[in-house]
Amino acid sequence: MQYILEDKYIENIIPHQRKAFVDSLSGCRHDAEGFHMEYKDKNYQCLPMLEKIAESKIQAISFFSGCGGLDIGTQMAGAKIISTLDFEPATVETVKANDFFKFAEHKCDDIRNVSGRTYSKIIKNANPEKLILVGGPPCQPFSKAGYWITNEKRKAFNDERNMVGEYLRLIDEIRPDGFLLENVESILHPTNKEAVEYIEEKISKMGYFFKRYLANALEYGIPQKRKRVIFLASRKEINGEPEKLIPEEVEKVNVLDWIGRFDIPSLAETEESTKGKTYDFELSEVPPGHNYIALSARDNYPNPKFVANKRFWNFLLKLHPLQPSWTIAAQPGPWVGPFHWNNRRLRVQEVAAIQTFPMDYKFVGTRRVIQKQIGNAVPSLLGEKFVDHLIKNL
C-alpha cells in the first residue's frame, strides 16, 4: 500500500532539521504530491477467530480486565475467556459490547469483594481441561511518576492502590494450572524490591514454577516502545521465552504499517485539531520523531523557544512514520504526545492500532474515557505472545 506525506506538513520546520527528516525518508519518491511511502497494513480482525475459540478446552479467568487488551491476546492464543472482572463501569461496558467475549461472564466489582468461591460455579459449568488466570494489577504504586516523590514518602508496596496481593490471594484460592501477572517496568526499581520479592516468594510457596520477563513490546512486533514486566507461572517448569523478532526485523517495525490506513478525511475527529491552540505553531515546527527540544539551543534552533530538559520528554512529541511510537499514555495533557506527523492529535483508531487492538473491536465512552482505556491496556499482540508461551508450558 502507499501513503503520501504532503509537503505542507513539514514546511514550518527550520531548514537543517527539515533536511535531516527528509534524509531519513531515504528511498521514498518525492514529487508534487509529496513523499510516497510504501507500507504493509498490519491491522487485523478478531471476530473471525470466534469459531475456533468456542471449542477450546483451555480456558481463562481475567482480573483487572480493563477494556480487554490482554484478554484479546489470551483468546487469540487459544484460551477461551470464561469470566472478566474490573471495577470501572466504562471498561466493563466496552468488554460487554464485543461479541469476541460472548463466552464470558462479566463482573463489575472490586477484586477485594470476590473470592475463589465466587468462581466455583463458573469453573464447574465451563469444565476446562486446563485453567489459567491472567491479570495486570494496578501499576500506579510502581510507576515512574512516583519517583517524583521521595523514597521516604512513597508507599509503593503498601499503597492502597496496589492489588498485587489480592490477585495472588485469588490465585491461591482458585489454584489454576498456570497464570500470568503483568506490571510496569518500574516495579523492578530498587525502591520496589520488597514487592518483587513478595511476588516471587508467594508464587513459590503456592507450588508454582515461574519465570520473570522484562518485555519490550517492540521486540515482539508491536509498533511501540513499551516495556512491561511479566511473570508466567505453571505447575510445570517453564522453558525458554516467547519468540522475538530478530534485530533486523525489529529495526523495520514502524507506526505507518499500523496507522497509515486511518489518515483519511472521512475518519477525522473534532478532538484531533490543535488549530488556534497555545502551541499549534510550535508543534508544526517540530520534525517528526522529535519533541520540544528541537526548538531549543541544544538542537541549534535560532532564538530558542524552550530550554532542553526543562519539560516532560513527551511535550510536543511527534511520531515519525517509519519509526515505532513511544508509549501511549492513558491520561495525556493537552500538549503531551505522541502527536501525528501531520501536526494533529492521534485519532482513537490510531491509538488503538498502536496498541494492536483489532479493527473490529468496539470501545464505549467519551473520547477521554476511551483514551484512558486504551492507554492502560496491554497491547493485544504482546498478550498473545506471552499467553501462548504459558499454554505451551502448562
# chains A, B, ... in the order shown; residues from 1 in each chain; ligands from 1
$ residues_around --residues "stretch 328-334 of chain A" --least-positions-apart "2" --cutoff "6 Å" --atoms "only C-alpha atoms" --output "ChimeraX atom specification"
/A:336,371-372,375-376
$ residues_around --residues "A:Ile222" --least-positions-apart "6" --cutoff "8 Å" --atoms "only C-alpha atoms" --output "ChimeraX atom specification"
/A:253,354-356,379,381-382
$ residues_around --residues "A:Gly207" --least-positions-apart "2" --cutoff "12 Å" --atoms "only C-alpha atoms" --output "ChimeraX atom specification"
/A:171-172,175-178,200-205,209-210,233-237
$ write_last_selection --atoms "C-alpha atoms" --output "short mmCIF file (atom, residue, chain, number, x, y, z; two decimals), in the first residue's frame"
data_model
loop_
_atom_site.label_atom_id
_atom_site.label_comp_id
_atom_site.auth_asym_id
_atom_site.auth_seq_id
_atom_site.Cartn_x
_atom_site.Cartn_y
_atom_site.Cartn_z
CA ILE A 171 -4.67 -17.48 42.54
CA ASP A 172 -4.14 -19.34 45.81
CA ARG A 175 -5.43 -22.91 42.12
CA PRO A 176 -5.31 -22.73 38.31
CA ASP A 177 -2.88 -24.71 36.16
CA GLY A 178 -0.97 -21.51 35.45
CA GLU A 200 8.28 -14.41 43.82
CA GLU A 201 8.17 -15.85 47.33
CA LYS A 202 4.39 -16.16 47.22
CA ILE A 203 4.42 -17.88 43.82
CA SER A 204 6.97 -20.41 45.03
CA LYS A 205 5.08 -21.10 48.26
CA PHE A 209 7.35 -22.73 38.83
CA PHE A 210 7.74 -19.27 37.36
CA ALA A 233 3.76 -19.37 36.37
CA SER A 234 2.86 -23.02 35.86
CA ARG A 235 2.74 -26.29 37.77
CA LYS A 236 5.44 -27.43 35.35
CA GLU A 237 8.85 -25.89 34.81
#
$ closest_residue --among "A:Gly66, A:Gly116, A:Pro302, A:Gly78" --to "A:Gly136" --atoms "only C-alpha atoms"
A:Gly66
$ atom_distance --atom1 "atom CA of A:Val387" --atom2 "atom CA of A:Gly68"
14.0 Å
$ atom_distance --atom1 "atom CA of A:Lys211" --atom2 "atom CA of A:Ile230"
8.3 Å
$ closest_residue --among "A:Val286, A:Ala54, A:Leu232, A:Val351" --to "A:Glu272" --atoms "only C-alpha atoms"
A:Val351
$ residues_around --residues "A:Gly135" --least-positions-apart "6" --cutoff "7 Å" --atoms "only C-alpha atoms" --output "list of chain:residue names"
A:Ser62, A:Phe63, A:Phe64, A:Ser65, A:Leu180, A:Leu181, A:Glu182
$ closest_residue --among "A:Leu256, A:Leu316, A:Val92, A:Ala217" --to "A:Glu285" --atoms "only C-alpha atoms"
A:Leu316
$ residues_around --residues "A:Ile82" --least-positions-apart "5" --cutoff "7 Å" --atoms "only C-alpha atoms" --output "list of chain:residue names"
A:Gln59, A:Ala60, A:Ile61, A:Phe103, A:Ala104, A:Glu105
$ write_last_selection --atoms "N, CA, C and O atoms" --output "short mmCIF file (atom, residue, chain, number, x, y, z; two decimals), in the first residue's frame"
data_model
loop_
_atom_site.label_atom_id
_atom_site.label_comp_id
_atom_site.auth_asym_id
_atom_site.auth_seq_id
_atom_site.Cartn_x
_atom_site.Cartn_y
_atom_site.Cartn_z
N GLN A 59 -9.03 -22.71 29.18
CA GLN A 59 -9.88 -21.56 29.47
C GLN A 59 -9.21 -20.63 30.47
O GLN A 59 -8.25 -20.98 31.14
N ALA A 60 -9.74 -19.41 30.54
CA ALA A 60 -9.07 -18.39 31.35
C ALA A 60 -10.08 -17.52 32.08
O ALA A 60 -11.18 -17.24 31.59
N ILE A 61 -9.66 -17.09 33.27
CA ILE A 61 -10.40 -16.08 34.03
C ILE A 61 -9.51 -14.85 34.07
O ILE A 61 -8.32 -14.93 34.37
N PHE A 103 -18.49 -15.64 25.30
CA PHE A 103 -18.46 -16.85 26.10
C PHE A 103 -18.20 -16.54 27.58
O PHE A 103 -18.17 -17.45 28.41
N ALA A 104 -17.99 -15.27 27.91
CA ALA A 104 -17.59 -14.90 29.28
C ALA A 104 -18.72 -14.25 30.07
O ALA A 104 -19.62 -13.62 29.51
N GLU A 105 -18.60 -14.42 31.36
CA GLU A 105 -19.46 -13.69 32.30
C GLU A 105 -18.66 -12.47 32.76
O GLU A 105 -17.50 -12.61 33.15
#
$ closest_residue --among "A:Gly383, A:Pro138, A:Gly337, A:Gly34" --to "A:Tyr220" --atoms "only C-alpha atoms"
A:Gly383
$ closest_residue --among "A:Gln323, A:Trp258, A:Leu168, A:Phe231" --to "A:Tyr44" --atoms "only C-alpha atoms"
A:Trp258
$ residues_around --residues "stretch 40-42 of chain A" --least-positions-apart "2" --cutoff "10 Å" --atoms "only C-alpha atoms" --output "compact mmCIF listing (two decimals) with N, CA and C atoms, in the first residue's frame"
# COMPACT_ATOMS: atom_id res chain seq x y z
N MET A 1 0.85 -1.20 0.00
CA MET A 1 0.00 0.00 0.00
C MET A 1 0.88 1.24 0.00
N GLN A 2 0.29 2.37 -0.40
CA GLN A 2 1.08 3.60 -0.49
C GLN A 2 0.46 4.72 0.33
N GLU A 38 5.86 3.38 0.83
CA GLU A 38 5.23 2.07 0.75
C GLU A 38 5.09 1.49 2.16
N TYR A 44 -5.81 -6.16 11.77
CA TYR A 44 -6.48 -7.46 11.69
C TYR A 44 -7.84 -7.37 12.38
N VAL A 255 5.14 2.73 12.84
CA VAL A 255 3.72 3.02 13.06
C VAL A 255 2.93 3.15 11.76
N LEU A 256 3.60 3.49 10.66
CA LEU A 256 2.87 3.66 9.41
C LEU A 256 2.15 2.38 9.01
N ASP A 257 2.78 1.23 9.25
CA ASP A 257 2.15 -0.05 8.92
C ASP A 257 0.84 -0.26 9.67
N TRP A 258 0.70 0.42 10.80
CA TRP A 258 -0.49 0.23 11.63
C TRP A 258 -1.50 1.38 11.52
N ILE A 259 -1.04 2.60 11.30
CA ILE A 259 -1.99 3.72 11.30
C ILE A 259 -2.11 4.44 9.96
N GLY A 260 -1.34 4.01 8.97
CA GLY A 260 -1.41 4.66 7.66
C GLY A 260 -2.82 4.66 7.08
N ARG A 261 -3.54 3.57 7.24
CA ARG A 261 -4.88 3.43 6.65
C ARG A 261 -5.91 4.39 7.27
N ALA A 353 -4.77 1.10 17.29
CA ALA A 353 -3.92 0.30 16.39
C ALA A 353 -2.49 0.22 16.92
N THR A 356 -2.21 -2.38 19.13
CA THR A 356 -2.53 -3.61 18.39
C THR A 356 -3.90 -4.19 18.74
N PRO A 358 -7.62 -5.12 17.61
CA PRO A 358 -8.17 -5.44 16.29
C PRO A 358 -9.09 -4.33 15.79
$ residues_around --residues "A:Pro288" --least-positions-apart "3" --cutoff "12 Å" --atoms "only C-alpha atoms" --output "NGL selection string"
:A and (5 or 9-10 or 12-13 or 17-22 or 24-25 or 283-285 or 291-292 or 294 or 316-325 or 337-344)
$ write_last_selection --atoms "C-alpha atoms" --output "JSON list (two decimals), in the first residue's frame"
[["chain", "number", "residue", "atom", "x", "y", "z"],
["A", 5, "LEU", "CA", 3.10, 12.72, 3.27],
["A", 9, "TYR", "CA", 3.05, 19.33, 6.99],
["A", 10, "ILE", "CA", 6.81, 19.93, 7.22],
["A", 12, "ASN", "CA", 7.46, 25.17, 9.12],
["A", 13, "ILE", "CA", 10.44, 23.06, 10.19],
["A", 17, "GLN", "CA", 16.09, 19.97, 10.71],
["A", 18, "ARG", "CA", 13.82, 19.55, 7.71],
["A", 19, "LYS", "CA", 16.78, 18.25, 5.67],
["A", 20, "ALA", "CA", 17.59, 15.71, 8.38],
["A", 21, "PHE", "CA", 13.99, 14.49, 8.34],
["A", 22, "VAL", "CA", 13.91, 14.28, 4.52],
["A", 24, "SER", "CA", 15.51, 9.85, 7.00],
["A", 25, "LEU", "CA", 12.97, 9.12, 4.26],
["A", 283, "LEU", "CA", 4.00, 21.72, 17.02],
["A", 284, "SER", "CA", 4.27, 22.31, 13.28],
["A", 285, "GLU", "CA", 7.94, 23.29, 13.74],
["A", 291, "ASN", "CA", 9.95, 16.70, 20.72],
["A", 292, "TYR", "CA", 10.13, 20.28, 22.02],
["A", 294, "ALA", "CA", 14.06, 20.60, 18.54],
["A", 316, "LEU", "CA", 5.22, 18.24, 21.67],
["A", 317, "LEU", "CA", 6.47, 14.73, 20.92],
["A", 318, "LYS", "CA", 5.71, 13.77, 17.33],
["A", 319, "LEU", "CA", 5.64, 10.39, 15.59],
["A", 320, "HIS", "CA", 7.93, 9.54, 12.69],
["A", 321, "PRO", "CA", 6.04, 7.39, 10.17],
["A", 322, "LEU", "CA", 8.95, 5.00, 9.61],
["A", 323, "GLN", "CA", 9.77, 4.50, 13.29],
["A", 324, "PRO", "CA", 7.89, 2.94, 16.23],
["A", 325, "SER", "CA", 5.77, 5.00, 18.60],
["A", 337, "GLY", "CA", 2.39, 13.34, 22.66],
["A", 338, "PRO", "CA", 2.83, 11.37, 20.69],
["A", 339, "PHE", "CA", 1.18, 13.57, 18.05],
["A", 340, "HIS", "CA", 0.68, 12.59, 14.43],
["A", 341, "TRP", "CA", 3.34, 13.76, 11.95],
["A", 342, "ASN", "CA", 0.53, 15.76, 10.28],
["A", 343, "ASN", "CA", 0.53, 18.13, 13.27],
["A", 344, "ARG", "CA", -2.61, 16.84, 14.97]]
$ select_by_dssp --residues "stretch 69-219 of chain A" --states "strand (DSSP E or B)" --output "PyMOL selection string"
chain A and resi 80-86+105-108+130-135+178-184+209-216
$ write_last_selection --atoms "N, CA and C atoms" --output "compact mmCIF listing (two decimals), in the first residue's frame"
# COMPACT_ATOMS: atom_id res chain seq x y z
N LYS A 80 -9.92 -19.70 25.99
CA LYS A 80 -11.24 -19.05 25.98
C LYS A 80 -11.49 -18.34 27.30
N ILE A 81 -11.81 -17.06 27.24
CA ILE A 81 -12.12 -16.29 28.45
C ILE A 81 -13.53 -16.67 28.92
N ILE A 82 -13.63 -17.13 30.17
CA ILE A 82 -14.94 -17.50 30.71
C ILE A 82 -15.45 -16.51 31.75
N SER A 83 -14.57 -15.58 32.18
CA SER A 83 -15.00 -14.56 33.14
C SER A 83 -14.04 -13.39 33.13
N THR A 84 -14.58 -12.18 33.24
CA THR A 84 -13.74 -10.98 33.36
C THR A 84 -14.17 -10.21 34.60
N LEU A 85 -13.26 -9.39 35.11
CA LEU A 85 -13.56 -8.58 36.29
C LEU A 85 -12.85 -7.24 36.21
N ASP A 86 -13.57 -6.16 36.43
CA ASP A 86 -12.97 -4.84 36.57
C ASP A 86 -13.92 -3.97 37.39
N GLU A 105 -18.60 -14.42 31.36
CA GLU A 105 -19.46 -13.69 32.30
C GLU A 105 -18.66 -12.47 32.76
N HIS A 106 -19.27 -11.29 32.71
CA HIS A 106 -18.54 -10.06 33.01
C HIS A 106 -18.99 -9.47 34.35
N LYS A 107 -18.03 -9.27 35.24
CA LYS A 107 -18.33 -8.74 36.57
C LYS A 107 -17.77 -7.33 36.71
N CYS A 108 -18.56 -6.44 37.27
CA CYS A 108 -18.08 -5.10 37.62
C CYS A 108 -18.03 -5.03 39.14
N LYS A 130 -7.69 -27.32 31.10
CA LYS A 130 -6.65 -26.51 31.74
C LYS A 130 -7.23 -25.13 32.01
N LEU A 131 -6.91 -24.58 33.17
CA LEU A 131 -7.41 -23.26 33.54
C LEU A 131 -6.24 -22.34 33.86
N ILE A 132 -6.26 -21.14 33.29
CA ILE A 132 -5.25 -20.13 33.62
C ILE A 132 -5.94 -18.85 34.09
N LEU A 133 -5.21 -18.07 34.86
CA LEU A 133 -5.67 -16.74 35.26
C LEU A 133 -4.74 -15.72 34.61
N VAL A 134 -5.30 -14.60 34.18
CA VAL A 134 -4.49 -13.53 33.59
C VAL A 134 -4.88 -12.21 34.23
N GLY A 135 -3.90 -11.35 34.48
CA GLY A 135 -4.23 -10.06 35.06
C GLY A 135 -3.02 -9.16 35.24
N GLY A 178 -2.00 -22.51 35.68
CA GLY A 178 -0.97 -21.51 35.45
C GLY A 178 -1.56 -20.13 35.48
N PHE A 179 -0.70 -19.11 35.47
CA PHE A 179 -1.21 -17.74 35.46
C PHE A 179 -0.18 -16.77 34.91
N LEU A 180 -0.66 -15.61 34.53
CA LEU A 180 0.16 -14.50 34.05
C LEU A 180 -0.10 -13.30 34.94
N LEU A 181 0.97 -12.64 35.36
CA LEU A 181 0.87 -11.41 36.14
C LEU A 181 1.71 -10.35 35.43
N GLU A 182 1.08 -9.26 35.03
CA GLU A 182 1.76 -8.20 34.27
C GLU A 182 1.83 -6.92 35.09
N ASN A 183 2.95 -6.21 34.96
CA ASN A 183 3.08 -4.91 35.64
C ASN A 183 4.07 -4.03 34.89
N VAL A 184 4.24 -2.82 35.38
CA VAL A 184 5.12 -1.86 34.71
C VAL A 184 6.59 -2.20 34.96
N PHE A 209 6.11 -23.18 39.46
CA PHE A 209 7.35 -22.73 38.83
C PHE A 209 7.04 -21.41 38.14
N PHE A 210 8.03 -20.54 38.03
CA PHE A 210 7.74 -19.27 37.36
C PHE A 210 8.99 -18.73 36.68
N LYS A 211 8.73 -17.81 35.75
CA LYS A 211 9.80 -17.04 35.13
C LYS A 211 9.34 -15.59 35.05
N ARG A 212 10.28 -14.70 35.27
CA ARG A 212 10.01 -13.25 35.17
C ARG A 212 10.67 -12.72 33.91
N TYR A 213 9.91 -12.00 33.11
CA TYR A 213 10.42 -11.45 31.87
C TYR A 213 10.30 -9.92 31.88
N LEU A 214 11.31 -9.26 31.36
CA LEU A 214 11.21 -7.83 31.08
C LEU A 214 11.00 -7.73 29.57
N ALA A 215 9.78 -7.45 29.18
CA ALA A 215 9.40 -7.49 27.77
C ALA A 215 9.34 -6.09 27.17
N ASN A 216 10.05 -5.90 26.07
CA ASN A 216 9.93 -4.69 25.28
C ASN A 216 8.98 -5.02 24.13
$ select_by_dssp --residues "stretch 209-252 of chain A" --states "alpha helix (DSSP H)" --output "PDB file with N, CA, C and O atoms, in the first residue's frame"
ATOM      1  N   PRO A 247      16.864  -8.935  15.304  1.00  0.00           N
ATOM      2  CA  PRO A 247      17.184  -7.495  15.307  1.00  0.00           C
ATOM      3  C   PRO A 247      16.875  -6.786  13.994  1.00  0.00           C
ATOM      4  O   PRO A 247      16.390  -5.641  13.997  1.00  0.00           O
ATOM      5  N   GLU A 248      17.121  -7.445  12.872  1.00  0.00           N
ATOM      6  CA  GLU A 248      16.864  -6.811  11.575  1.00  0.00           C
ATOM      7  C   GLU A 248      15.374  -6.545  11.378  1.00  0.00           C
ATOM      8  O   GLU A 248      14.975  -5.549  10.770  1.00  0.00           O
ATOM      9  N   GLU A 249      14.527  -7.422  11.924  1.00  0.00           N
ATOM     10  CA  GLU A 249      13.078  -7.235  11.822  1.00  0.00           C
ATOM     11  C   GLU A 249      12.606  -6.140  12.767  1.00  0.00           C
ATOM     12  O   GLU A 249      11.701  -5.366  12.425  1.00  0.00           O
ATOM     13  N   VAL A 250      13.212  -6.076  13.948  1.00  0.00           N
ATOM     14  CA  VAL A 250      12.840  -5.036  14.921  1.00  0.00           C
ATOM     15  C   VAL A 250      13.084  -3.651  14.330  1.00  0.00           C
ATOM     16  O   VAL A 250      12.279  -2.729  14.511  1.00  0.00           O
TER      17      VAL A 250
END
$ atom_distance --atom1 "atom CA of A:His36" --atom2 "atom CA of A:Thr274"
25.4 Å
